[in-house]
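For reference, data27.csv is printed below; it contains CSV, C-alpha atoms.
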```csv
chain,number,residue,atom,x,y,z
U,1,MET,CA,21.0,9.8,-2.2
U,2,ASN,CA,17.9,10.1,-4.4
U,3,GLY,CA,14.6,8.4,-3.8
U,4,TYR,CA,11.4,7.4,-5.5
U,5,VAL,CA,8.3,9.4,-4.7
U,6,PHE,CA,4.8,9.1,-6.3
U,7,ASP,CA,3.0,12.1,-4.8
U,8,ILE,CA,3.5,15.2,-2.7
U,9,ARG,CA,0.3,16.7,-1.3
U,10,HIS,CA,0.0,20.0,0.4
U,11,PHE,CA,-2.6,21.1,3.0
U,12,SER,CA,-3.0,17.6,4.6
U,13,VAL,CA,-4.7,17.7,8.0
U,14,HIS,CA,-4.9,14.0,8.7
U,15,ASP,CA,-1.2,13.1,8.8
U,16,GLY,CA,0.1,14.7,12.0
U,17,PRO,CA,-0.4,18.0,13.9
U,18,GLY,CA,-1.3,21.2,12.0
U,19,ILE,CA,-1.4,21.7,8.3
U,20,ARG,CA,1.2,19.4,6.7
U,21,THR,CA,2.7,18.4,3.4
U,22,ALA,CA,2.6,14.7,2.8
U,23,VAL,CA,5.4,13.1,0.8
U,24,PHE,CA,4.4,9.7,-0.5
U,25,LEU,CA,7.4,7.3,-1.1
U,26,LYS,CA,7.2,4.3,-3.4
U,27,GLY,CA,7.9,0.8,-2.2
U,28,CYS,CA,6.1,-1.4,0.4
U,29,PRO,CA,7.0,-4.9,1.7
U,30,LEU,CA,3.4,-5.5,2.8
U,31,ARG,CA,0.4,-6.4,0.7
U,32,CYS,CA,-2.6,-5.4,2.9
U,33,ILE,CA,-5.7,-6.5,1.1
U,34,TRP,CA,-7.4,-3.1,1.8
U,35,CYS,CA,-4.4,-1.0,0.8
U,36,HIS,CA,-5.6,2.5,-0.3
U,37,ASN,CA,-2.3,3.2,-2.2
U,38,PRO,CA,-1.6,0.2,-4.4
U,39,GLU,CA,0.5,2.5,-6.7
U,40,SER,CA,3.0,2.5,-3.9
U,41,HIS,CA,3.7,-1.2,-3.9
U,42,ASP,CA,6.6,-1.3,-6.4
U,43,MET,CA,9.7,0.8,-5.8
U,44,LEU,CA,10.3,1.8,-9.4
U,45,PRO,CA,8.0,4.0,-11.4
U,46,VAL,CA,5.1,2.3,-13.1
U,47,ARG,CA,3.8,3.0,-16.6
U,48,ILE,CA,0.1,2.8,-17.2
U,49,ASN,CA,-2.4,3.9,-19.8
U,50,VAL,CA,-5.1,6.3,-18.7
U,51,GLU,CA,-8.3,6.7,-20.7
U,52,LYS,CA,-9.3,10.4,-21.2
U,53,GLY,CA,-12.0,12.1,-23.1
U,54,ILE,CA,-11.4,14.6,-25.8
U,55,GLY,CA,-14.7,15.9,-27.1
U,56,ASP,CA,-16.7,12.8,-28.1
U,57,LYS,CA,-13.7,10.6,-28.3
U,58,ARG,CA,-12.0,8.4,-25.7
U,59,ILE,CA,-8.2,7.9,-26.0
U,60,LYS,CA,-5.6,6.2,-23.9
U,61,LEU,CA,-2.6,8.2,-22.9
U,62,PRO,CA,0.5,6.9,-21.1
U,63,GLU,CA,1.2,8.0,-17.6
U,64,THR,CA,4.1,7.3,-15.2
U,65,ILE,CA,3.4,6.9,-11.5
U,66,GLY,CA,6.5,7.8,-9.5
U,67,LYS,CA,9.7,9.6,-10.1
U,68,LEU,CA,13.3,9.8,-8.9
U,69,VAL,CA,13.9,12.9,-6.8
U,70,SER,CA,16.6,14.4,-4.6
U,71,PRO,CA,16.2,15.5,-1.0
U,72,GLY,CA,16.6,19.0,-2.3
U,73,ASP,CA,13.7,18.5,-4.7
U,74,VAL,CA,11.5,17.4,-1.8
U,75,LEU,CA,12.6,20.4,0.3
U,76,GLU,CA,11.9,22.8,-2.5
U,77,GLU,CA,8.3,21.5,-2.8
U,78,VAL,CA,7.7,21.4,1.0
U,79,LEU,CA,8.9,25.0,1.5
U,80,LYS,CA,6.0,26.2,-0.7
U,81,SER,CA,3.7,25.5,2.3
U,82,ARG,CA,6.1,26.8,5.0
U,83,VAL,CA,3.8,29.7,6.0
U,84,PHE,CA,1.0,27.3,6.8
U,85,PHE,CA,3.4,25.2,9.0
U,86,GLU,CA,4.3,28.3,11.0
U,87,GLU,CA,0.7,29.3,11.5
U,88,SER,CA,-0.7,25.9,12.4
U,89,GLY,CA,2.2,24.0,14.0
U,90,GLY,CA,2.4,21.7,11.0
U,91,GLY,CA,5.3,20.3,9.0
U,92,VAL,CA,6.1,17.5,6.6
U,93,THR,CA,4.9,13.8,6.9
U,94,PHE,CA,6.8,11.0,5.1
U,95,THR,CA,4.4,8.3,4.2
U,96,GLY,CA,3.8,5.8,1.3
U,97,GLY,CA,4.1,3.0,0.7
U,98,GLU,CA,6.5,2.3,3.5
U,99,PRO,CA,9.1,5.1,3.8
U,100,LEU,CA,11.5,2.7,5.6
U,101,MET,CA,12.0,0.9,2.3
U,102,GLN,CA,14.3,3.9,1.5
U,103,PRO,CA,16.1,4.6,4.8
U,104,SER,CA,19.1,6.5,3.4
U,105,PHE,CA,16.9,8.8,1.4
U,106,MET,CA,14.6,9.3,4.4
U,107,ILE,CA,17.5,10.3,6.7
U,108,GLU,CA,18.8,12.8,4.2
U,109,CYS,CA,15.3,14.3,3.7
U,110,ILE,CA,14.6,14.5,7.5
U,111,ARG,CA,17.9,16.1,8.2
U,112,LEU,CA,17.4,18.7,5.5
U,113,MET,CA,14.0,19.5,6.9
U,114,LYS,CA,15.5,20.0,10.4
U,115,GLU,CA,18.1,22.3,9.0
U,116,ASN,CA,15.1,24.5,7.9
U,117,ASP,CA,13.2,24.2,11.2
U,118,ILE,CA,10.4,22.0,9.7
U,119,HIS,CA,8.7,19.5,12.0
U,120,THR,CA,9.0,16.0,10.6
U,121,THR,CA,6.6,13.0,11.0
U,122,LEU,CA,7.2,9.4,9.9
U,123,ASP,CA,4.2,7.4,9.0
U,124,THR,CA,5.2,3.7,9.1
U,125,SER,CA,3.8,0.2,9.3
U,126,GLY,CA,6.7,-0.7,11.5
U,127,TYR,CA,7.6,-3.5,9.1
U,128,ALA,CA,11.4,-2.9,8.7
U,129,SER,CA,14.7,-4.2,10.0
U,130,PRO,CA,15.6,-3.0,13.5
U,131,GLU,CA,18.6,-1.1,12.1
U,132,ASP,CA,16.6,0.8,9.5
U,133,PHE,CA,13.7,1.5,11.9
U,134,GLY,CA,15.9,2.7,14.7
U,135,THR,CA,18.1,4.9,12.5
U,136,VAL,CA,15.3,6.7,10.8
U,137,VAL,CA,13.1,7.0,14.0
U,138,LYS,CA,16.0,8.6,15.8
U,139,GLU,CA,16.0,11.5,13.3
U,140,THR,CA,12.3,12.3,13.2
U,141,ASP,CA,10.1,14.3,15.6
U,142,LEU,CA,6.9,12.2,15.6
U,143,VAL,CA,6.0,8.7,14.6
U,144,LEU,CA,2.6,7.5,13.2
U,145,PHE,CA,2.7,3.8,13.7
U,146,ASP,CA,0.2,1.3,12.2
U,147,LEU,CA,-1.1,-1.5,14.3
U,148,LYS,CA,-3.3,-3.7,12.1
U,149,HIS,CA,-4.0,-6.9,14.2
U,150,PRO,CA,-2.8,-8.5,17.4
U,151,ASP,CA,-2.9,-12.1,16.1
U,152,ALA,CA,0.1,-13.3,14.1
U,153,GLU,CA,-1.7,-15.7,11.8
U,154,ARG,CA,-4.4,-13.1,10.8
U,155,HIS,CA,-1.7,-10.4,10.4
U,156,LEU,CA,0.3,-12.6,8.0
U,157,GLU,CA,-2.8,-13.7,6.1
U,158,PHE,CA,-4.2,-10.2,5.5
U,159,THR,CA,-0.9,-8.2,5.2
U,160,GLY,CA,1.7,-10.7,4.0
U,161,GLY,CA,4.0,-9.6,6.9
U,162,SER,CA,5.2,-10.9,10.3
U,163,LEU,CA,3.5,-9.4,13.3
U,164,GLU,CA,6.6,-10.2,15.3
U,165,THR,CA,8.6,-7.7,13.3
U,166,VAL,CA,6.0,-5.0,13.8
U,167,LEU,CA,5.8,-5.5,17.6
U,168,ARG,CA,9.5,-5.7,18.0
U,169,ASN,CA,9.8,-2.2,16.5
U,170,LEU,CA,6.8,-0.9,18.4
U,171,HIS,CA,8.5,-1.7,21.7
U,172,CYS,CA,12.1,-0.8,20.7
U,173,ASP,CA,14.2,1.6,22.8
U,174,THR,CA,14.5,4.2,20.1
U,175,LEU,CA,10.8,4.5,19.6
U,176,SER,CA,10.3,4.8,23.4
U,177,GLU,CA,12.0,8.2,23.2
U,178,LYS,CA,9.7,9.6,20.6
U,179,PRO,CA,6.0,10.8,20.8
U,180,ILE,CA,3.9,8.2,19.0
U,181,ILE,CA,0.4,8.1,17.5
U,182,VAL,CA,-0.9,4.6,16.8
U,183,ARG,CA,-3.1,4.2,13.8
U,184,ILE,CA,-5.6,1.4,13.6
U,185,PRO,CA,-7.4,0.7,10.3
U,186,LEU,CA,-10.9,-0.5,10.9
U,187,VAL,CA,-11.4,-3.2,8.3
U,188,PRO,CA,-14.6,-5.3,8.3
U,189,GLY,CA,-14.0,-9.0,8.4
U,190,PHE,CA,-10.5,-8.5,9.6
U,191,ASN,CA,-10.1,-6.7,12.9
U,192,MET,CA,-13.4,-5.2,14.0
U,193,SER,CA,-14.4,-7.0,17.2
U,194,ASN,CA,-14.2,-6.3,20.9
U,195,THR,CA,-11.8,-9.3,21.3
U,196,VAL,CA,-9.4,-7.8,18.8
U,197,TYR,CA,-9.7,-4.3,20.4
U,198,LYS,CA,-9.0,-5.7,23.9
U,199,GLN,CA,-5.8,-7.5,22.7
U,200,MET,CA,-4.7,-4.3,21.0
U,201,ALA,CA,-5.4,-2.3,24.1
U,202,VAL,CA,-3.2,-4.6,26.2
U,203,ILE,CA,-0.4,-4.1,23.7
U,204,LEU,CA,-0.8,-0.3,23.6
U,205,ALA,CA,-1.0,0.1,27.4
U,206,LYS,CA,2.7,-0.7,27.5
U,207,LEU,CA,3.6,2.4,25.5
U,208,LYS,CA,4.5,5.2,27.9
U,209,ASN,CA,4.9,7.8,25.1
U,210,LEU,CA,1.6,7.1,23.3
U,211,ARG,CA,-0.2,10.4,22.6
U,212,ARG,CA,-3.4,9.0,21.1
U,213,ILE,CA,-5.0,6.4,18.9
U,214,ASP,CA,-6.2,7.2,15.4
U,215,LEU,CA,-9.0,5.0,14.1
U,216,LEU,CA,-9.0,4.9,10.3
U,217,PRO,CA,-12.2,3.4,8.9
U,218,TYR,CA,-11.8,1.4,5.7
U,219,HIS,CA,-13.3,2.8,2.5
U,220,ASN,CA,-13.3,1.7,-1.1
U,221,PHE,CA,-12.4,5.0,-2.7
U,222,SER,CA,-9.2,3.4,-4.1
U,223,LEU,CA,-11.1,1.0,-6.4
U,224,HIS,CA,-10.3,3.2,-9.4
U,225,LYS,CA,-6.6,2.8,-8.6
U,226,TYR,CA,-6.8,-1.0,-8.8
U,227,LEU,CA,-8.6,-0.8,-12.1
U,228,ARG,CA,-6.0,1.6,-13.6
U,229,LEU,CA,-3.2,-0.7,-12.5
U,230,GLY,CA,-4.9,-3.9,-13.6
U,231,LEU,CA,-4.8,-5.3,-10.1
U,232,ASP,CA,-7.4,-7.5,-8.4
U,233,PHE,CA,-9.5,-5.5,-5.8
U,234,LYS,CA,-9.9,-8.1,-3.0
U,235,MET,CA,-12.2,-5.9,-1.0
U,236,GLU,CA,-14.9,-5.8,-3.7
U,237,GLY,CA,-18.4,-5.9,-2.1
U,238,ILE,CA,-17.1,-5.2,1.4
U,239,PRO,CA,-18.9,-2.1,2.8
U,240,ALA,CA,-17.2,0.5,4.8
U,241,PRO,CA,-17.9,0.5,8.6
U,242,ASP,CA,-20.9,2.6,9.5
U,243,ASN,CA,-20.8,5.4,11.9
U,244,LYS,CA,-22.3,3.3,14.7
U,245,GLU,CA,-19.5,0.7,14.3
U,246,VAL,CA,-16.8,3.3,14.3
U,247,ALA,CA,-18.2,5.0,17.3
U,248,ALA,CA,-18.4,1.7,19.2
U,249,ALA,CA,-14.7,1.1,18.5
U,250,ALA,CA,-13.8,4.6,19.6
U,251,ASP,CA,-15.7,4.2,22.8
U,252,PHE,CA,-14.1,0.8,23.5
U,253,PHE,CA,-10.6,2.3,23.5
U,254,ARG,CA,-11.7,5.4,25.4
U,255,ASN,CA,-13.0,3.2,28.1
U,256,PHE,CA,-9.5,1.8,28.4
U,257,GLY,CA,-8.3,5.3,29.1
U,258,PHE,CA,-6.9,6.1,25.6
U,259,ILE,CA,-7.3,9.4,23.8
U,260,VAL,CA,-9.0,8.5,20.5
U,261,SER,CA,-9.4,10.3,17.2
U,262,VAL,CA,-11.4,9.1,14.2
U,263,GLY,CA,-9.7,9.7,10.8
U,264,GLY,CA,-6.4,11.0,12.1
```
Entire entry expressed as structure tokens:
Amino acid sequence: MNGYVFDIRHFSVHDGPGIRTAVFLKGCPLRCIWCHNPESHDMLPVRINVEKGIGDKRIKLPETIGKLVSPGDVLEEVLKSRVFFEESGGGVTFTGGEPLMQPSFMIECIRLMKENDIHTTLDTSGYASPEDFGTVVKETDLVLFDLKHPDAERHLEFTGGSLETVLRNLHCDTLSEKPIIVRIPLVPGFNMSNTVYKQMAVILAKLKNLRRIDLLPYHNFSLHKYLRLGLDFKMEGIPAPDNKEVAAAADFFRNFGFIVSVGG
């Protein structure tokens, strides 16, 4: 079973424990307005024209985002960083996009990693069928789970997906058997208020296997991606949270007894 990947990055330190290799899978059922990886939205590879400079001239060259690879191809690339995994307690993190859009490919990749004693992490929005979610989570070592908003209407408006689906998977029996890190994007105008934080804290207090909360402040570094893809950047003019706002959010959750990290 082959799958579509749009990037593999070595030496990642924000996607799980230790030094990791992050494998970015294409395809995502959500359309979060702040998405930092819009190139992941479509499952199939995307052809774009990229403007490059050659001397004094500017020319447009075709570029393909994404390619079809086998689990063996992924393993071969991941093994290039194996020595760093062993030294740091790292491994491979499957992210995207939404990796659960390609469940069969994910299972084969994870099993191949386990055969080679490589720690695996699944980075997911939790937006998937119970069957796909449970089957893949059962195979992995650690789950990074996004919680974006506790209100169903706001969640649907800003992500295009049902909060019910996310919460159902967050509290499923299979996930309760795995260590979990919950990741909360801090997005101005969307979820940055004490009212929202308190509602999230109530939800997260029910998780007995929660290791910590990662707060991920919004940034606009992905603007160039939207321009390259010809997509509307809906967060234009929205500033990133400042250090004081991020610190206040972290303190709020710490006061509820959670271990909190900023930036993963």
Expected residue set, 9 Å radius at (0.9, 16.7, 14.1), only C-alpha atoms, as a PyMOL selection string: chain U and resi 13-20+89-91+93+119-121+142
Selected residue, from U:Gly134, U:Gly97, U:Pro45, U:Gly237, that lies nearest to Val69 in chain U when counting all atoms listed in the file: U:Pro45
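CA of Pro29 in chain U lies 8.9 Å from CA of Asp42 in chain U.
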Sel. within 10 Å of pt (-4.2, 12.0, 11.2), counting only C-alpha atoms, output as JSON, numbers by chain: {"U": [12, 13, 14, 15, 16, 17, 18, 123, 144, 181, 182, 183, 213, 214, 215, 216, 261, 262, 263, 264]}
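A straight line drawn from CA of His219 in chain U to CA of Leu156 in chain U is 21.3 Å long.
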Residue neighbourhood range 195-197 of chain U, 9 Å, all atoms listed in the file, exclusion window fewer than 2 positions, as a list in words: His149, Pro150, Asp151, Asn191, Met192, Ser193, Gln199, Met200, Ala201, Val202, Ala249, Phe252 and Phe253 of chain U
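Comparing the minimum interatomic distances between Met113 in chain U and each of U:Lys234, U:His171, U:Arg82, U:Lys148, counting all atoms listed in the file, we find that U:Arg82 sits nearest.
The residue that comes closest to Gly27 in chain U, out of U:Tyr4, U:Phe85, U:Tyr226, U:Phe233 and on the basis of all atoms listed in the file, is U:Tyr4.
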Between CA of Lys80 in chain U and CA of Val92 in chain U, distance in Å (one decimal): 11.4 Å
Polymer residues at most 7 Å from Leu25 in chain U, only C-alpha atoms, same-chain spacing of 6 or more positions, as number ranges by chain: U: 4-6, 95-99
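Nearest residue to Asp146 in chain U among U:Asp132, U:Lys67, U:Val166, U:Lys26 is U:Val166, counting all atoms listed in the file.
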Env of range 59-62 of chain U: 6 Å cut, atoms = only C-alpha atoms, seq-sep filter 2 positions within chain, self excluded. Answer as a compact mmCIF listing (two decimals) with C-alpha atoms, in the frame of the given file.
```txt
# COMPACT_ATOMS: atom_id res chain seq x y z
CA ILE U 48 0.10 2.80 -17.20
CA ASN U 49 -2.40 3.90 -19.80
CA VAL U 50 -5.10 6.30 -18.70
CA GLU U 51 -8.30 6.70 -20.70
CA LYS U 52 -9.30 10.40 -21.20
```
Contacts of Ile107 in chain U within 9 Å, all atoms listed in the file, excl. fewer than 3 positions in-chain, as a ChimeraX atom specification: /U:102-104,110-112,135-136,139-140
Top pick for closest residue to Pro188 in chain U, considering U:Asn220, U:Asn2, U:Ser176, U:Thr64 and counting all atoms listed in the file: U:Asn220
